[in-house]
Amino acid sequence: MQDLLRRYGTGLTLIMCLLVAFWLLMLVIVPNITLFEQSFRPYLPVSEVGGPRDTYSLGNYAKVFEGHITTSLLGFEFEFPVRVRTFLLTIWYSMVVAGLCLMLAYPLAYYMAKIVNPRSLPTLILLLFIPLWVSEVLRAFAWWIILAFKGPLNALLLAVGLIDDPIRWTNMGYTGVMIGLIYTYVLFMLFPIYNAIQSLDTNQIEAAEDLGAPWWKIHWRIVIPHAKPGIASGSVMVFMLSAGSLLVPSILGSTTSQWFTQTINETFNDALDWNTASAYAFLLLILCTLFVTVAMVLFRVKLSDIAK
Amino acid sequence: MHRFRQSLAHVYMVLFLIFMLAPLLVMAGAAFNDSKLPSIVPWRGWTTMWFSEMVADERMMWAFVNTLWVALTVAVIAVVIGTASAILINSISGRIRTVLYGLMISTILIPGIVIGISTMILWTKMGNAMGTEFFLFNPGLHLSVLGQVSYIAAMVMLLVLARLQSFDAGLEEAALDLGASHAQVMRRILLPHLYPAIGAGAAVAFFQSIENFNVTQFTRGGADTLTVYVFSKVRAGITPTINALAVIMIGITICAAILYEVRRRRMERRMAQVEED
């Protein structure tokens, strides 16, 4: 601080501090506190806001447990709160998406870091970046076209003879959503892992080969441990983006694939019940915080490594 | 065996590229199909009708103008705040630095929906509390700007902070000793060093803002940005005008990519020549 004052004088230092304070207080901390406070208030007509009925309660959070639906798990059928089910399924499928992205991205990341001719690497990266620059909504829309009942994927599979009847891709539970999420976010897994593997000394791999290690053991004992920070940050990124995505589930979802963000969107923008929506949004925030914390402890990485 | 695994890896790379690029081709192809539904099968013949319909779509043009305004504003504010934060973070230490830095970084990880809802609630509540109709406190794209800045500023901060690592603070000392004012030190010495990072930060902020959907969806009031408009179109009966828009966006992307690639190759060749000499 002293240093700052000496270099840039009182005026400039004050301006910089004010800018940072505006950002962190007005755009981050205070909004989230307001969200938290609002989530405990009941949904009232405008005239009654601030009146005697406007008291704090856990009512909005209790709404998560309202509305039951019959589900079956492992052959057992039972009643289950529909929003809790949505919440849990969102977490589960986001984890599955992160896992599948890892499986898809890891071989390519290794290929890019260790096998490909370094001269053609920049071109490869550039080609991979093209879908990333085309906006997310269009990427989801592209899959909407492909997966349509009379769309090109069914036409192709029919022509090849793999299937006899067209498949309703976007009406098979979470299938469409998962395909869309993987396509949209797999690159957020690829580049962190690539960066991590790139710093691995190729001599280590060759030494292991010379000593007779089979290829899977080289990956298991040398490459994957070295790539762990990249895997951690990629997984956290993909999970957070998937769980927080509203575009992809809305465009590629079926009637049976409710995503928790869709529940929040409907409460906020259709039912106009901002207070309950705040409660749901707060739950989502808690979930993400928990997930990041667990990943940080589990993989022993720092917050700054993940955010990169 | 080794050779076999290598060729397997090449095949995988090609398959992955097809997976990433084929959807874009399908989407672009559908823009030229003379069919009311956006698809490439069955093919009903070439047409450029969807492009003229797109230009005639006034709401889309408005959404486009809105998007540009929002992105520009976000870029300016995020660059100013992000640069100030990076300079501040760079010159403090200890626990307060850890806390501030963690707080800044964590904004990147907050789900967009949470940012959107919390921004909306805070500003409209402040408006209600003050009983004012001033536009700042009503829903609208200006709230989208504030919401987007809250996490995009952190991205700019990271870029500028990385650049600050290579800054020689001795230059500032020298300037001060030679009688430069504080403003001069900032404007003539520190900022010029940071310009590359500030430029990159502005570009990142601009494109992040164009991409943004979650924050905008919850704060926009009645206004459209391009992403929101495309989204509403996709949900409520689509015409291939969206595909025409996609063709243009893919076209711009590919042009930028080719320009970048050509420039890179030229640089590479020049470097090789210098090495030979």
# chains A, B, ... in the order shown; residues from 1 in each chain; ligands from 1
>>> closest_atom_pairs(of="segment 25-120 of chain B", to="segment 268-290 of chain A", cutoff="9 Å", atoms="only C-alpha atoms", output="CSV")
residue,atom,partner,partner_atom,distance
B:Leu109,CA,A:Cys288,CA,8.0
B:Ile110,CA,A:Leu285,CA,6.8
B:Pro111,CA,A:Leu285,CA,6.9
B:Ile113,CA,A:Ala281,CA,7.1
B:Val114,CA,A:Ala281,CA,5.5
B:Ile117,CA,A:Ser278,CA,7.0
B:Ser118,CA,A:Ser278,CA,7.6
>>> closest_residue(among="B:Val156, B:Met120, B:Ile77, B:Val14", to="Met104 of chain B", atoms="only C-alpha atoms")
B:Val156
>>> residues_around(residues="segment 265-273 of chain B", least_positions_apart="4", cutoff="10 Å", atoms="only C-alpha atoms", output="list in words")
Pro122 and Thr123 of chain A; Tyr260, Glu261 and Asp277 of chain B
>>> atom_distance(atom1="atom CA of Val262 of chain B", atom2="atom CA of Glu276 of chain B")
21.2 Å
>>> residues_around(residues="Thr202 of chain A", least_positions_apart="2", cutoff="12 Å", atoms="only C-alpha atoms", output="PDB file with N, CA and C atoms, in the first residue's frame")
ATOM      1  N   TYR A 110      -2.864 -35.851 -24.888  1.00  0.00           N
ATOM      2  CA  TYR A 110      -1.573 -36.552 -24.927  1.00  0.00           C
ATOM      3  C   TYR A 110      -0.990 -36.513 -26.341  1.00  0.00           C
ATOM      4  N   ALA A 113       0.401 -33.137 -27.073  1.00  0.00           N
ATOM      5  CA  ALA A 113       1.591 -32.772 -26.313  1.00  0.00           C
ATOM      6  C   ALA A 113       2.800 -33.607 -26.707  1.00  0.00           C
ATOM      7  N   LYS A 114       2.590 -34.878 -27.076  1.00  0.00           N
ATOM      8  CA  LYS A 114       3.744 -35.774 -27.210  1.00  0.00           C
ATOM      9  C   LYS A 114       3.881 -36.458 -28.572  1.00  0.00           C
ATOM     10  N   ILE A 115       2.820 -36.639 -29.324  1.00  0.00           N
ATOM     11  CA  ILE A 115       2.936 -37.448 -30.544  1.00  0.00           C
ATOM     12  C   ILE A 115       2.971 -36.593 -31.804  1.00  0.00           C
ATOM     13  N   ILE A 197       0.275 -31.831 -19.560  1.00  0.00           N
ATOM     14  CA  ILE A 197       1.116 -32.902 -20.114  1.00  0.00           C
ATOM     15  C   ILE A 197       2.336 -32.321 -20.825  1.00  0.00           C
ATOM     16  N   GLN A 198       2.139 -31.141 -21.415  1.00  0.00           N
ATOM     17  CA  GLN A 198       3.209 -30.529 -22.188  1.00  0.00           C
ATOM     18  C   GLN A 198       4.472 -30.320 -21.350  1.00  0.00           C
ATOM     19  N   SER A 199       4.281 -30.051 -20.046  1.00  0.00           N
ATOM     20  CA  SER A 199       5.446 -29.766 -19.208  1.00  0.00           C
ATOM     21  C   SER A 199       6.131 -31.046 -18.733  1.00  0.00           C
ATOM     22  N   LEU A 200       5.593 -32.202 -19.139  1.00  0.00           N
ATOM     23  CA  LEU A 200       6.225 -33.461 -18.736  1.00  0.00           C
ATOM     24  C   LEU A 200       7.431 -33.735 -19.631  1.00  0.00           C
ATOM     25  N   GLN A 204      11.250 -38.987 -19.511  1.00  0.00           N
ATOM     26  CA  GLN A 204      10.655 -39.872 -18.494  1.00  0.00           C
ATOM     27  C   GLN A 204       9.875 -40.994 -19.163  1.00  0.00           C
ATOM     28  N   ILE A 205       9.115 -40.627 -20.219  1.00  0.00           N
ATOM     29  CA  ILE A 205       8.325 -41.637 -20.915  1.00  0.00           C
ATOM     30  C   ILE A 205       9.251 -42.633 -21.592  1.00  0.00           C
ATOM     31  N   GLU A 206      10.306 -42.089 -22.242  1.00  0.00           N
ATOM     32  CA  GLU A 206      11.217 -42.977 -22.961  1.00  0.00           C
ATOM     33  C   GLU A 206      11.951 -43.904 -22.003  1.00  0.00           C
ATOM     34  N   ALA A 207      12.328 -43.361 -20.853  1.00  0.00           N
ATOM     35  CA  ALA A 207      13.011 -44.195 -19.856  1.00  0.00           C
ATOM     36  C   ALA A 207      12.115 -45.358 -19.439  1.00  0.00           C
ATOM     37  N   ALA A 208      10.840 -45.039 -19.201  1.00  0.00           N
ATOM     38  CA  ALA A 208       9.908 -46.091 -18.796  1.00  0.00           C
ATOM     39  C   ALA A 208       9.764 -47.119 -19.909  1.00  0.00           C
ATOM     40  N   GLU A 209       9.737 -46.648 -21.169  1.00  0.00           N
ATOM     41  CA  GLU A 209       9.632 -47.581 -22.295  1.00  0.00           C
ATOM     42  C   GLU A 209      10.853 -48.486 -22.352  1.00  0.00           C
ATOM     43  N   ILE A 218       2.631 -46.759 -18.314  1.00  0.00           N
ATOM     44  CA  ILE A 218       3.268 -45.449 -18.476  1.00  0.00           C
ATOM     45  C   ILE A 218       2.265 -44.343 -18.205  1.00  0.00           C
ATOM     46  N   ILE A 222       2.930 -42.415 -14.836  1.00  0.00           N
ATOM     47  CA  ILE A 222       3.741 -41.235 -15.148  1.00  0.00           C
ATOM     48  C   ILE A 222       2.900 -40.075 -15.686  1.00  0.00           C
ATOM     49  N   VAL A 223       2.158 -40.324 -16.771  1.00  0.00           N
ATOM     50  CA  VAL A 223       1.492 -39.201 -17.438  1.00  0.00           C
ATOM     51  C   VAL A 223       0.328 -38.674 -16.609  1.00  0.00           C
ATOM     52  N   HIS A 226       1.216 -36.705 -13.539  1.00  0.00           N
ATOM     53  CA  HIS A 226       1.748 -35.401 -13.898  1.00  0.00           C
ATOM     54  C   HIS A 226       0.639 -34.460 -14.384  1.00  0.00           C
TER      55      HIS A 226
END
>>> select_by_dssp(residues="segment 112-147 of chain A", states="alpha helix (DSSP H)", output="number ranges by chain")
A: 121-133, 136-147
>>> closest_residue(among="A:Leu127, A:Val97, A:Ala196, A:Met189", to="chain B", atoms="only C-alpha atoms")
A:Leu127
>>> closest_residue(among="B:Val204, B:Met61, B:Leu15, B:Ala84", to="chain A", atoms="only C-alpha atoms")
B:Ala84
>>> residues_around(residues="Ala205 of chain B", least_positions_apart="5", cutoff="8 Å", atoms="only C-alpha atoms", output="list in words")
Ala71, Val74, Ala75, Ala78, Val79, Ile152, Ala153, Met155 and Val156 of chain B
>>> residues_around(residues="Lys36 of chain B", least_positions_apart="4", cutoff="9 Å", atoms="only C-alpha atoms", output="PyMOL selection string")
chain B and resi 238-240
>>> residues_around(residues="segment 153-166 of chain A", least_positions_apart="2", cutoff="12 Å", atoms="only C-alpha atoms", output="compact mmCIF listing (two decimals) with N, CA and C atoms, in the first residue's frame")
# COMPACT_ATOMS: atom_id res chain seq x y z
N ALA A 142 -26.76 -26.21 -33.62
CA ALA A 142 -26.24 -27.14 -34.62
C ALA A 142 -26.63 -28.58 -34.27
N TRP A 143 -26.52 -28.91 -32.99
CA TRP A 143 -26.89 -30.27 -32.58
C TRP A 143 -28.39 -30.47 -32.60
N TRP A 144 -29.15 -29.41 -32.40
CA TRP A 144 -30.60 -29.50 -32.54
C TRP A 144 -30.95 -29.95 -33.96
N ILE A 145 -30.25 -29.40 -34.95
CA ILE A 145 -30.48 -29.79 -36.34
C ILE A 145 -30.09 -31.25 -36.56
N ILE A 146 -28.88 -31.59 -36.06
CA ILE A 146 -28.36 -32.94 -36.33
C ILE A 146 -29.23 -34.00 -35.69
N LEU A 147 -29.71 -33.74 -34.47
CA LEU A 147 -30.44 -34.77 -33.74
C LEU A 147 -31.92 -34.80 -34.08
N ALA A 148 -32.38 -33.90 -34.94
CA ALA A 148 -33.81 -33.86 -35.27
C ALA A 148 -34.26 -35.22 -35.80
N PHE A 149 -35.57 -35.49 -35.61
CA PHE A 149 -36.11 -36.80 -35.98
C PHE A 149 -35.85 -37.10 -37.46
N LYS A 150 -36.06 -36.07 -38.30
CA LYS A 150 -35.79 -36.27 -39.72
C LYS A 150 -34.45 -35.63 -40.10
N GLY A 151 -33.53 -35.60 -39.15
CA GLY A 151 -32.28 -34.89 -39.36
C GLY A 151 -31.20 -35.75 -39.98
N ARG A 168 -35.68 -41.06 -31.94
CA ARG A 168 -36.01 -39.74 -31.39
C ARG A 168 -34.94 -39.36 -30.37
N TRP A 169 -33.83 -38.80 -30.86
CA TRP A 169 -32.68 -38.50 -29.98
C TRP A 169 -33.05 -37.54 -28.88
N THR A 170 -33.80 -36.50 -29.23
CA THR A 170 -34.07 -35.46 -28.23
C THR A 170 -35.26 -35.83 -27.36
N ALA B 22 -17.89 -30.97 -37.94
CA ALA B 22 -19.04 -31.36 -38.77
C ALA B 22 -20.34 -30.65 -38.39
N PRO B 23 -20.65 -30.50 -37.08
CA PRO B 23 -21.89 -29.78 -36.75
C PRO B 23 -21.95 -28.39 -37.35
N VAL B 26 -22.87 -28.74 -41.01
CA VAL B 26 -24.30 -29.04 -41.16
C VAL B 26 -25.13 -27.78 -40.98
N SER B 39 -32.59 -27.78 -42.04
CA SER B 39 -31.99 -29.11 -42.09
C SER B 39 -31.29 -29.25 -43.44
N ILE B 40 -30.41 -30.27 -43.54
CA ILE B 40 -29.77 -30.48 -44.84
C ILE B 40 -30.37 -31.68 -45.56
N VAL B 41 -31.18 -32.48 -44.85
CA VAL B 41 -31.90 -33.57 -45.51
C VAL B 41 -33.40 -33.37 -45.30
N PRO B 42 -34.26 -33.55 -46.27
CA PRO B 42 -33.91 -33.72 -47.69
C PRO B 42 -33.49 -32.40 -48.32
N TRP B 43 -32.60 -32.48 -49.28
CA TRP B 43 -32.10 -31.29 -49.94
C TRP B 43 -33.09 -30.82 -51.00
>>> closest_residue(among="A:Val84, A:Leu100, A:Ala62, A:Ile15", to="chain B", atoms="only C-alpha atoms")
A:Ile15
>>> atom_distance(atom1="atom CA of Phe22 of chain A", atom2="atom CA of Ser181 of chain B")
26.4 Å
>>> closest_residue(among="B:Phe51, B:Phe213, B:Phe167, B:Phe32", to="chain A", atoms="only C-alpha atoms")
B:Phe213
>>> decode(residues="segment 129-167 of chain A", atoms="C-alpha atoms", output="compact mmCIF listing (two decimals), in the first residue's frame")
# COMPACT_ATOMS: atom_id res chain seq x y z
CA PHE A 129 -10.62 -23.20 -31.60
CA ILE A 130 -13.06 -22.48 -34.43
CA PRO A 131 -16.12 -24.03 -32.70
CA LEU A 132 -15.14 -22.23 -29.50
CA TRP A 133 -15.37 -18.85 -31.22
CA VAL A 134 -18.78 -19.59 -32.74
CA SER A 135 -21.21 -18.73 -30.00
CA GLU A 136 -22.57 -21.29 -27.56
CA VAL A 137 -26.19 -20.88 -28.61
CA LEU A 138 -25.29 -21.69 -32.21
CA ARG A 139 -23.32 -24.76 -31.18
CA ALA A 140 -26.35 -26.08 -29.32
CA PHE A 141 -28.53 -25.18 -32.30
CA ALA A 142 -26.24 -27.14 -34.62
CA TRP A 143 -26.89 -30.27 -32.58
CA TRP A 144 -30.60 -29.50 -32.54
CA ILE A 145 -30.48 -29.79 -36.34
CA ILE A 146 -28.36 -32.94 -36.33
CA LEU A 147 -30.44 -34.77 -33.74
CA ALA A 148 -33.81 -33.86 -35.27
CA PHE A 149 -36.11 -36.80 -35.98
CA LYS A 150 -35.79 -36.27 -39.72
CA GLY A 151 -32.28 -34.89 -39.36
CA PRO A 152 -28.93 -35.83 -40.88
CA LEU A 153 -27.80 -38.20 -38.12
CA ASN A 154 -30.83 -40.47 -38.51
CA ALA A 155 -30.52 -40.20 -42.30
CA LEU A 156 -26.87 -41.23 -42.12
CA LEU A 157 -27.47 -44.14 -39.77
CA LEU A 158 -30.39 -45.35 -41.90
CA ALA A 159 -28.31 -45.11 -45.06
CA VAL A 160 -25.44 -47.06 -43.53
CA GLY A 161 -27.93 -49.61 -42.27
CA LEU A 162 -27.04 -49.37 -38.58
CA ILE A 163 -30.65 -48.71 -37.63
CA ASP A 164 -33.93 -49.66 -39.24
CA ASP A 165 -36.12 -46.90 -37.82
CA PRO A 166 -35.20 -43.30 -37.06
CA ILE A 167 -34.46 -42.58 -33.41
